[in-house]
file upload23.pdb (PDB, C-alpha atoms and all ligand atoms)
ATOM      1  CA  MET A 276     185.591   0.582  68.631
ATOM      2  CA  GLN A 277     188.589   1.009  70.875
ATOM      3  CA  LYS A 278     190.926  -1.962  70.563
ATOM      4  CA  ARG A 279     191.588  -4.025  73.669
ATOM      5  CA  VAL A 280     194.674  -6.064  74.602
ATOM      6  CA  ALA A 281     195.244  -8.468  77.478
ATOM      7  CA  ALA A 282     198.904  -8.353  78.480
ATOM      8  CA  ILE A 283     200.108 -11.390  80.429
ATOM      9  CA  HIS A 284     203.481 -10.751  82.057
ATOM     10  CA  ASP A 285     205.031 -10.368  85.476
ATOM     11  CA  ILE A 286     205.068  -6.958  87.089
ATOM     12  CA  SER A 287     208.572  -5.991  88.107
ATOM     13  CA  CYS A 288     207.863  -3.155  90.507
ATOM     14  CA  PHE A 289     211.087  -1.352  89.589
ATOM     15  CA  GLY A 290     213.118  -1.570  86.398
ATOM     16  CA  LYS A 291     210.867  -0.719  83.428
ATOM     17  CA  CYS A 292     210.063  -4.032  81.780
ATOM     18  CA  SER A 293     207.106  -6.377  81.292
ATOM     19  CA  LEU A 294     203.810  -4.840  82.531
ATOM     20  CA  THR A 295     205.321  -1.496  83.579
ATOM     21  CA  VAL A 296     206.292  -1.056  79.915
ATOM     22  CA  ALA A 297     203.381  -2.785  78.129
ATOM     23  CA  LEU A 298     200.669  -0.844  79.975
ATOM     24  CA  PRO A 299     201.930   2.696  79.296
ATOM     25  CA  ILE A 300     203.020   2.052  75.699
ATOM     26  CA  ILE A 301     199.811   0.316  74.636
ATOM     27  CA  SER A 302     197.705   2.912  76.466
ATOM     28  CA  ALA A 303     199.631   5.778  74.828
ATOM     29  CA  ALA A 304     198.606   4.354  71.449
ATOM     30  CA  GLY A 305     194.959   4.728  72.477
ATOM     31  CA  ILE A 306     194.532   0.981  72.960
ATOM     32  CA  GLU A 307     193.017  -0.404  76.148
ATOM     33  CA  CYS A 308     195.462  -2.649  77.993
ATOM     34  CA  ALA A 309     194.155  -5.057  80.604
ATOM     35  CA  GLY A 310     196.710  -7.140  82.456
ATOM     36  CA  ILE A 311     197.163 -10.491  84.098
ATOM     37  CA  PRO A 312     200.213 -10.228  86.372
ATOM     38  CA  THR A 313     201.881 -13.625  86.535
ATOM     39  CA  ALA A 314     204.148 -12.647  89.427
ATOM     40  CA  VAL A 315     205.129  -9.576  91.409
ATOM     41  CA  LEU A 316     208.872  -8.957  91.728
ATOM     42  CA  SER A 317     210.561  -6.074  93.525
ATOM     43  CA  THR A 318     212.773  -5.593  90.437
ATOM     44  CA  HIS A 319     213.457  -7.552  87.255
ATOM     45  CA  THR A 320     216.029 -10.314  87.513
ATOM     46  CA  GLY A 321     218.743  -8.821  85.305
ATOM     47  CA  GLY A 322     221.508  -7.172  87.280
ATOM     48  CA  PHE A 323     219.684  -7.005  90.609
ATOM     49  CA  SER A 324     220.179  -9.531  93.396
ATOM     50  CA  GLY A 325     217.935 -10.257  96.349
ATOM     51  CA  TYR A 326     214.732  -9.429  94.488
ATOM     52  CA  THR A 327     211.402 -10.627  95.863
ATOM     53  CA  PHE A 328     209.223 -12.961  93.773
ATOM     54  CA  ARG A 329     205.564 -13.482  94.616
ATOM     55  CA  ASP A 330     204.168 -16.153  92.357
ATOM     56  CA  LEU A 331     200.628 -15.534  91.072
ATOM     57  CA  THR A 332     200.196 -18.801  89.175
ATOM     58  CA  ASP A 333     197.064 -19.630  91.144
ATOM     59  CA  ASP A 334     195.370 -16.398  90.047
ATOM     60  CA  ILE A 335     195.751 -16.876  86.274
ATOM     61  CA  MET A 336     192.782 -19.193  85.658
ATOM     62  CA  PRO A 337     190.390 -17.465  88.093
ATOM     63  CA  VAL A 338     191.039 -14.157  86.275
ATOM     64  CA  ALA A 339     190.529 -15.843  82.888
ATOM     65  CA  ASP A 340     187.318 -17.552  84.079
ATOM     66  CA  HIS A 341     185.952 -14.285  85.455
ATOM     67  CA  TRP A 342     186.708 -12.430  82.210
ATOM     68  CA  LYS A 343     184.951 -15.195  80.281
ATOM     69  CA  LYS A 344     181.944 -14.997  82.609
ATOM     70  CA  GLU A 345     181.787 -11.225  82.098
ATOM     71  CA  GLY A 346     181.772 -11.774  78.331
ATOM     72  CA  LEU A 347     184.917  -9.665  77.865
ATOM     73  CA  THR A 348     186.568  -9.968  74.474
ATOM     74  CA  PHE A 349     190.064  -8.979  73.394
ATOM     75  CA  ASP A 350     191.544  -8.014  70.043
ATOM     76  CA  ALA A 351     194.865  -9.437  71.150
ATOM     77  CA  VAL A 352     196.558 -11.304  73.949
ATOM     78  CA  TYR A 353     200.203 -10.336  74.361
ATOM     79  CA  THR A 354     202.292 -12.654  76.522
ATOM     80  CA  GLY A 355     205.812 -11.985  77.797
ATOM     81  CA  TYR A 356     207.870 -13.145  80.756
ATOM     82  CA  LEU A 357     206.328 -16.216  82.391
ATOM     83  CA  GLY A 358     207.787 -17.460  85.644
ATOM     84  CA  SER A 359     207.504 -21.244  85.289
ATOM     85  CA  VAL A 360     206.653 -24.158  83.006
ATOM     86  CA  GLU A 361     203.328 -24.464  84.813
ATOM     87  CA  GLN A 362     202.527 -20.863  83.851
ATOM     88  CA  ILE A 363     203.142 -21.644  80.170
ATOM     89  CA  ASP A 364     200.405 -24.288  80.275
ATOM     90  CA  LEU A 365     198.077 -22.074  82.279
ATOM     91  CA  VAL A 366     198.499 -19.214  79.833
ATOM     92  CA  CYS A 367     197.627 -21.623  76.982
ATOM     93  CA  ARG A 368     194.482 -22.548  78.928
ATOM     94  CA  ALA A 369     193.643 -18.945  79.808
ATOM     95  CA  VAL A 370     193.869 -17.909  76.149
ATOM     96  CA  ASP A 371     191.566 -20.799  75.207
ATOM     97  CA  THR A 372     189.162 -19.655  77.926
ATOM     98  CA  PHE A 373     188.634 -15.976  77.116
ATOM     99  CA  GLY A 374     190.120 -15.740  73.614
ATOM    100  CA  THR A 375     187.831 -15.903  70.584
ATOM    101  CA  ASP A 376     188.525 -16.786  66.936
ATOM    102  CA  ASP A 377     189.218 -13.081  66.407
ATOM    103  CA  THR A 378     191.747 -12.735  69.230
ATOM    104  CA  LEU A 379     195.320 -12.421  67.973
ATOM    105  CA  LEU A 380     197.860 -14.214  70.136
ATOM    106  CA  ILE A 381     201.195 -12.406  70.209
ATOM    107  CA  VAL A 382     203.843 -14.375  72.081
ATOM    108  CA  ASP A 383     207.186 -12.943  73.085
ATOM    109  CA  PRO A 384     209.017 -16.021  74.416
ATOM    110  CA  VAL A 385     210.963 -13.966  76.959
ATOM    111  CA  MET A 386     213.558 -16.234  78.574
ATOM    112  CA  ALA A 387     217.064 -15.495  77.324
ATOM    113  CA  ASP A 388     219.478 -13.039  75.745
ATOM    114  CA  HIS A 389     223.146 -12.865  74.745
ATOM    115  CA  GLY A 390     223.360 -16.667  74.530
ATOM    116  CA  LYS A 391     222.122 -17.304  78.085
ATOM    117  CA  LEU A 392     218.844 -18.172  79.800
ATOM    118  CA  TYR A 393     217.679 -15.554  82.300
ATOM    119  CA  GLY A 394     218.302 -16.416  85.959
ATOM    120  CA  GLY A 395     215.882 -18.875  87.500
ATOM    121  CA  PHE A 396     214.761 -20.570  84.279
ATOM    122  CA  PRO A 397     215.271 -24.347  84.029
ATOM    123  CA  GLU A 398     217.136 -25.689  81.002
ATOM    124  CA  ASN A 399     214.002 -27.302  79.557
ATOM    125  CA  PHE A 400     212.120 -23.957  79.538
ATOM    126  CA  PRO A 401     212.728 -23.167  75.823
ATOM    127  CA  LYS A 402     211.338 -26.576  74.807
ATOM    128  CA  GLU A 403     208.246 -25.964  76.941
ATOM    129  CA  MET A 404     207.783 -22.474  75.486
ATOM    130  CA  ILE A 405     207.348 -24.123  72.070
ATOM    131  CA  ARG A 406     203.792 -25.137  73.075
ATOM    132  CA  LEU A 407     202.739 -21.508  73.539
ATOM    133  CA  CYS A 408     204.564 -20.390  70.373
ATOM    134  CA  ALA A 409     202.723 -23.126  68.442
ATOM    135  CA  LYS A 410     199.394 -21.490  69.298
ATOM    136  CA  ALA A 411     200.556 -17.961  68.442
ATOM    137  CA  ASP A 412     199.596 -15.747  65.521
ATOM    138  CA  ILE A 413     202.841 -13.813  65.934
ATOM    139  CA  ILE A 414     206.041 -14.707  67.824
ATOM    140  CA  THR A 415     208.905 -12.314  68.547
ATOM    141  CA  PRO A 416     211.926 -14.306  69.761
ATOM    142  CA  ASN A 417     215.383 -12.766  69.864
ATOM    143  CA  ILE A 418     218.319 -14.705  68.400
ATOM    144  CA  THR A 419     219.125 -16.478  71.690
ATOM    145  CA  GLU A 420     215.518 -17.540  72.307
ATOM    146  CA  ALA A 421     215.175 -18.779  68.731
ATOM    147  CA  ALA A 422     218.462 -20.709  68.923
ATOM    148  CA  PHE A 423     217.401 -22.412  72.173
ATOM    149  CA  MET A 424     213.975 -23.343  70.801
ATOM    150  CA  VAL A 425     215.264 -24.788  67.515
ATOM    151  CA  ASP A 426     218.409 -26.400  68.952
ATOM    152  CA  MET A 427     220.930 -24.342  67.049
ATOM    153  CA  PRO A 428     224.060 -22.728  68.477
ATOM    154  CA  TYR A 429     223.908 -19.091  69.549
ATOM    155  CA  CYS A 430     225.992 -16.870  67.256
ATOM    156  CA  GLU A 431     227.056 -13.302  67.962
ATOM    157  CA  ALA A 432     226.571 -10.517  65.431
ATOM    158  CA  PRO A 433     227.330  -9.983  62.599
ATOM    159  CA  HIS A 434     225.152 -12.880  61.498
ATOM    160  CA  SER A 435     225.300 -14.787  58.244
ATOM    161  CA  GLU A 436     222.152 -15.016  56.134
ATOM    162  CA  GLU A 437     222.531 -18.789  56.306
ATOM    163  CA  TYR A 438     222.378 -18.692  60.118
ATOM    164  CA  ILE A 439     219.272 -16.458  60.175
ATOM    165  CA  ASN A 440     217.558 -18.656  57.559
ATOM    166  CA  GLY A 441     218.380 -21.724  59.666
ATOM    167  CA  LEU A 442     216.733 -20.137  62.714
ATOM    168  CA  LEU A 443     213.687 -19.108  60.651
ATOM    169  CA  ASP A 444     213.355 -22.606  59.149
ATOM    170  CA  GLY A 445     213.425 -24.066  62.652
ATOM    171  CA  LEU A 446     210.847 -21.561  63.920
ATOM    172  CA  ARG A 447     208.444 -22.288  61.041
ATOM    173  CA  LYS A 448     208.412 -25.909  62.174
ATOM    174  CA  ILE A 449     207.296 -24.689  65.612
ATOM    175  CA  THR A 450     204.508 -22.339  64.550
ATOM    176  CA  ASP A 451     202.254 -21.519  61.602
ATOM    177  CA  GLY A 452     202.123 -17.968  62.963
ATOM    178  CA  LYS A 453     204.079 -14.988  61.717
ATOM    179  CA  ILE A 454     207.648 -14.660  62.951
ATOM    180  CA  VAL A 455     209.550 -11.533  63.932
ATOM    181  CA  LEU A 456     213.095 -12.606  64.745
ATOM    182  CA  THR A 457     214.744  -9.708  66.572
ATOM    183  CA  GLY A 458     218.386  -8.783  67.031
ATOM    184  CA  VAL A 459     219.355  -9.582  63.430
ATOM    185  CA  CYS A 460     222.556  -7.778  62.488
ATOM    186  CA  TYR A 461     224.254  -8.187  59.105
ATOM    187  CA  LYS A 462     226.560  -5.195  59.280
ATOM    188  CA  ASP A 463     227.974  -2.695  61.755
ATOM    189  CA  GLY A 464     225.699   0.147  62.731
ATOM    190  CA  GLU A 465     222.392  -1.583  61.929
ATOM    191  CA  ILE A 466     220.197  -3.942  63.897
ATOM    192  CA  GLY A 467     216.701  -5.117  63.126
ATOM    193  CA  ALA A 468     214.384  -8.006  62.568
ATOM    194  CA  ALA A 469     213.558 -10.686  60.026
ATOM    195  CA  CYS A 470     209.782 -10.632  59.497
ATOM    196  CA  LEU A 471     208.316 -13.812  58.068
ATOM    197  CA  ASP A 472     204.671 -13.703  57.038
ATOM    198  CA  GLY A 473     203.840 -16.969  55.278
ATOM    199  CA  ASN A 474     206.491 -17.260  52.585
ATOM    200  CA  ASN A 475     207.153 -13.535  52.521
ATOM    201  CA  LEU A 476     210.421 -12.602  54.250
ATOM    202  CA  GLU A 477     211.182  -8.920  54.835
ATOM    203  CA  TYR A 478     213.923  -7.311  56.859
ATOM    204  CA  ILE A 479     213.680  -4.072  58.776
ATOM    205  CA  PHE A 480     216.631  -2.259  60.298
ATOM    206  CA  ALA A 481     217.225   0.716  62.573
ATOM    207  CA  PRO A 482     220.477   2.384  63.644
ATOM    208  CA  LYS A 483     222.343   0.240  66.173
ATOM    209  CA  VAL A 484     223.116   2.285  69.249
ATOM    210  CA  ASP A 485     226.093   0.823  71.030
ATOM    211  CA  ALA A 486     224.411   0.217  74.383
ATOM    212  CA  MET A 487     222.345  -2.461  76.081
ATOM    213  CA  TYR A 488     219.473  -1.827  78.497
ATOM    214  CA  HIS A 489     216.940  -4.059  80.175
ATOM    215  CA  GLY A 490     213.341  -4.070  79.011
ATOM    216  CA  THR A 491     214.003  -3.092  75.409
ATOM    217  CA  GLY A 492     212.568  -6.390  74.104
ATOM    218  CA  ASP A 493     209.323  -5.596  75.935
ATOM    219  CA  ILE A 494     209.299  -2.096  74.458
ATOM    220  CA  PHE A 495     209.769  -3.615  70.990
ATOM    221  CA  THR A 496     206.924  -6.149  71.225
ATOM    222  CA  SER A 497     204.553  -3.732  73.013
ATOM    223  CA  THR A 498     205.069  -1.324  70.112
ATOM    224  CA  LEU A 499     204.718  -4.073  67.502
ATOM    225  CA  THR A 500     201.398  -5.027  69.122
ATOM    226  CA  CYS A 501     200.221  -1.405  68.771
ATOM    227  CA  GLY A 502     201.210  -1.286  65.103
ATOM    228  CA  ILE A 503     199.387  -4.511  64.288
ATOM    229  CA  LEU A 504     196.199  -3.432  66.105
ATOM    230  CA  LEU A 505     196.320  -0.066  64.339
ATOM    231  CA  GLY A 506     196.247  -1.875  60.990
ATOM    232  CA  LYS A 507     199.905  -1.815  59.988
ATOM    233  CA  SER A 508     201.542  -4.805  58.317
ATOM    234  CA  LEU A 509     203.966  -7.064  60.184
ATOM    235  CA  SER A 510     207.080  -5.418  58.745
ATOM    236  CA  GLU A 511     205.662  -1.880  59.103
ATOM    237  CA  SER A 512     204.892  -2.595  62.758
ATOM    238  CA  ALA A 513     208.348  -4.093  63.308
ATOM    239  CA  LEU A 514     209.963  -1.024  61.719
ATOM    240  CA  VAL A 515     208.044   1.329  64.025
ATOM    241  CA  ALA A 516     209.039  -0.872  66.971
ATOM    242  CA  ALA A 517     212.712  -0.915  65.957
ATOM    243  CA  LYS A 518     212.839   2.857  65.422
ATOM    244  CA  TYR A 519     211.093   3.637  68.706
ATOM    245  CA  THR A 520     213.296   1.216  70.646
ATOM    246  CA  ALA A 521     216.443   2.654  69.031
ATOM    247  CA  GLY A 522     215.258   6.188  69.913
ATOM    248  CA  CYS A 523     214.730   5.203  73.554
ATOM    249  CA  ILE A 524     218.185   3.624  73.762
ATOM    250  CA  LYS A 525     219.879   6.605  72.113
ATOM    251  CA  ARG A 526     218.217   9.131  74.412
ATOM    252  CA  THR A 527     219.079   7.036  77.466
ATOM    253  CA  LYS A 528     222.694   6.502  76.466
ATOM    254  CA  GLU A 529     223.219  10.230  75.951
ATOM    255  CA  ASN A 530     222.216  10.753  79.577
ATOM    256  CA  HIS A 531     224.552   8.036  80.937
ATOM    257  CA  PRO A 532     222.105   6.172  83.142
ATOM    258  CA  THR A 533     222.336   2.789  84.815
ATOM    259  CA  ILE A 534     221.810  -0.172  82.450
ATOM    260  CA  LYS A 535     219.549  -2.157  84.779
ATOM    261  CA  TYR A 536     217.227   0.827  85.354
ATOM    262  CA  GLY A 537     215.944   0.524  81.783
ATOM    263  CA  VAL A 538     215.443   3.222  79.150
ATOM    264  CA  ASN A 539     213.652   6.543  79.139
ATOM    265  CA  PHE A 540     210.829   5.338  76.899
ATOM    266  CA  GLU A 541     208.494   7.899  78.457
ATOM    267  CA  ALA A 542     210.230  10.922  76.916
ATOM    268  CA  GLU A 543     210.083   9.246  73.493
ATOM    269  CA  ILE A 544     206.306   8.684  73.584
ATOM    270  CA  PRO A 545     205.574  11.729  71.370
ATOM    271  CA  ASN A 546     207.910  10.176  68.798
ATOM    272  CA  LEU A 547     206.123   6.812  69.155
ATOM    273  CA  LEU A 548     202.818   8.487  68.340
ATOM    274  CA  LYS A 549     204.377  10.044  65.230
ATOM    275  CA  LEU A 550     205.848   6.710  64.125
ATOM    276  CA  LEU A 551     202.433   5.092  64.606
ATOM    277  CA  GLU A 552     200.901   7.995  62.616
ATOM    278  CA  ILE A 553     198.547   8.815  65.494
ATOM    279  CA  ILE A 554     199.705  12.455  65.518
TER     280      ILE A 554
HETATM  281  O1  LIG A 601     212.362  -7.766  80.122
HETATM  282  C1  LIG A 601     212.147  -9.088  80.299
HETATM  283  C2  LIG A 601     211.933  -9.446  81.745
HETATM  284  C3  LIG A 601     210.676  -9.426  82.270
HETATM  285  N1  LIG A 601     210.422  -9.740  83.560
HETATM  286  C4  LIG A 601     211.419 -10.091  84.373
HETATM  287  C5  LIG A 601     212.731 -10.129  83.908
HETATM  288  C6  LIG A 601     212.999  -9.814  82.561
HETATM  289  C7  LIG A 601     214.350  -9.859  82.053
HETATM  290  O2  LIG A 601     215.310 -10.069  82.717
HETATM  291  O3  LIG A 601     213.715 -10.458  84.744
HETATM  292  C8  LIG A 601     211.124 -10.438  85.806
END
call {"tool": "encode", "arguments": {"input": "upload23.pdb", "output": "structure tokens"}}
result
Amino acid sequence: MQKRVAAIHDISCFGKCSLTVALPIISAAGIECAGIPTAVLSTHTGGFSGYTFRDLTDDIMPVADHWKKEGLTFDAVYTGYLGSVEQIDLVCRAVDTFGTDDTLLIVDPVMADHGKLYGGFPENFPKEMIRLCAKADIITPNITEAAFMVDMPYCEAPHSEEYINGLLDGLRKITDGKIVLTGVCYKDGEIGAACLDGNNLEYIFAPKVDAMYHGTGDIFTSTLTCGILLGKSLSESALVAAKYTAGCIKRTKENHPTIKYGVNFEAEIPNLLKLLEII
């Protein structure tokens, strides 16, 4: 049977993040990707000003109720950027509505990076996001998001093992799910993730390309979702995700494009399929 994911994110009409990344990547892996758009923005919020924001909070539960009524089932729900605290609670309810015992909940608590909350998020947002993370089977916070949720300071790379363990200890108090802490960097030239599955901690690393683009977190977790649904382990999936993301960044950097326009993940899709062992 073809696997089926429900991706719950905003759709930023321009800028290659959230649904405009999750849909093509998950589809390329041969997995069906349905979507619940939580908001429609003209662009993402990083680096653009004057963007439009049409809130779709009121549509979340009617979509979930309809899916339930149709008897639709999903192998995974993958949540990303949510526009408000109210949406966090509605997404919890939506997952309870159409999710089954066999539906994996993969939560990327998208809200911050580089030590700062994204524009428009209230200060209490990380504490509210804990409720959704608590329900998750897998969470994929970056260092900033983890630090905000567990009340630890944000530290720049290179990180100490003690700092990463502190973040992981805090996150395990939040969720019984598996944890993929992204943006872990112990030495120059390498960046990756700490993957905690029960008591088993594994690290994966990929070459660190000296560049930063928007939407790369969404590319990472979309790819991780594919790996998991294709039967790979947590750390195998994270390694595929890290390598694909690094490849997208490298290709984009070589062509000198604009940071806020995102990466050329499209041209790297053949490589994604190889990493996922589809071709
Ligand atoms: O890539 C995460 C993301 C998703 N959606 C919106 C964003 C961002 C990051 O800034 O602004 C609207």
call {"tool": "resolve_selection", "arguments": {"input": "upload23.pdb", "expression": "the PyMOL selection byres (((not hetatm)) within 9 of (chain A and resi 601))", "output": "PyMOL selection string"}}
result
chain A and resi 284-287+290-294+314-322+328+355-358+385-388+393-394+489-494
call {"tool": "resolve_selection", "arguments": {"input": "upload23.pdb", "expression": "the PyMOL selection byres (((chain A and resi 430-446) around 6) and not hetatm)", "output": "MDAnalysis selection string"}}
result
chainID A and resid 425 429 447:449 460:462
call {"tool": "closest_residue", "arguments": {"input": "upload23.pdb", "among": "A:Asp426, A:Asp371, A:Asp472, A:Asp364", "to": "A:Asp340", "atoms": "only C-alpha atoms"}}
result
A:Asp371
call {"tool": "closest_residue", "arguments": {"input": "upload23.pdb", "among": "A:Ala516, A:Ala339, A:Leu331, A:Cys523", "to": "A:Ala309", "atoms": "only C-alpha atoms"}}
result
A:Ala339
call {"tool": "resolve_selection", "arguments": {"input": "upload23.pdb", "expression": "the PyMOL selection byres (((chain A and resi 383) around 10) and not hetatm)", "output": "list in words"}}
result
His284, Tyr353, Thr354, Gly355, Tyr356, Leu357, Leu380, Ile381, Val382, Pro384, Val385, Met386, Met404, Leu407, Cys408, Ala411, Ile413, Ile414, Thr415, Pro416, Asn417, Glu420, Val455, Gly492, Asp493, Phe495, Thr496 and Ser497 of chain A
call {"tool": "closest_residue", "arguments": {"input": "upload23.pdb", "among": "A:Val366, A:Leu509, A:Ala281, A:Val296", "to": "A:Thr348", "atoms": "all atoms listed in the file"}}
result
A:Ala281
call {"tool": "closest_residue", "arguments": {"input": "upload23.pdb", "among": "A:Trp342, A:Tyr326, A:Phe423, A:Tyr478", "to": "A:Phe289", "atoms": "all atoms listed in the file"}}
result
A:Tyr326
call {"tool": "residues_around", "arguments": {"input": "upload23.pdb", "residues": "A:Lys525", "least_positions_apart": "2", "cutoff": "12 Å", "atoms": "only C-alpha atoms", "output": "ChimeraX atom specification"}}
result
/A:481-488,491,518-523,527-532,538-540,542-543
call {"tool": "closest_residue", "arguments": {"input": "upload23.pdb", "among": "A:Thr295, A:Thr378, A:Ser512, A:Ser324", "to": "A:Lys410", "atoms": "all atoms listed in the file"}}
result
A:Thr378
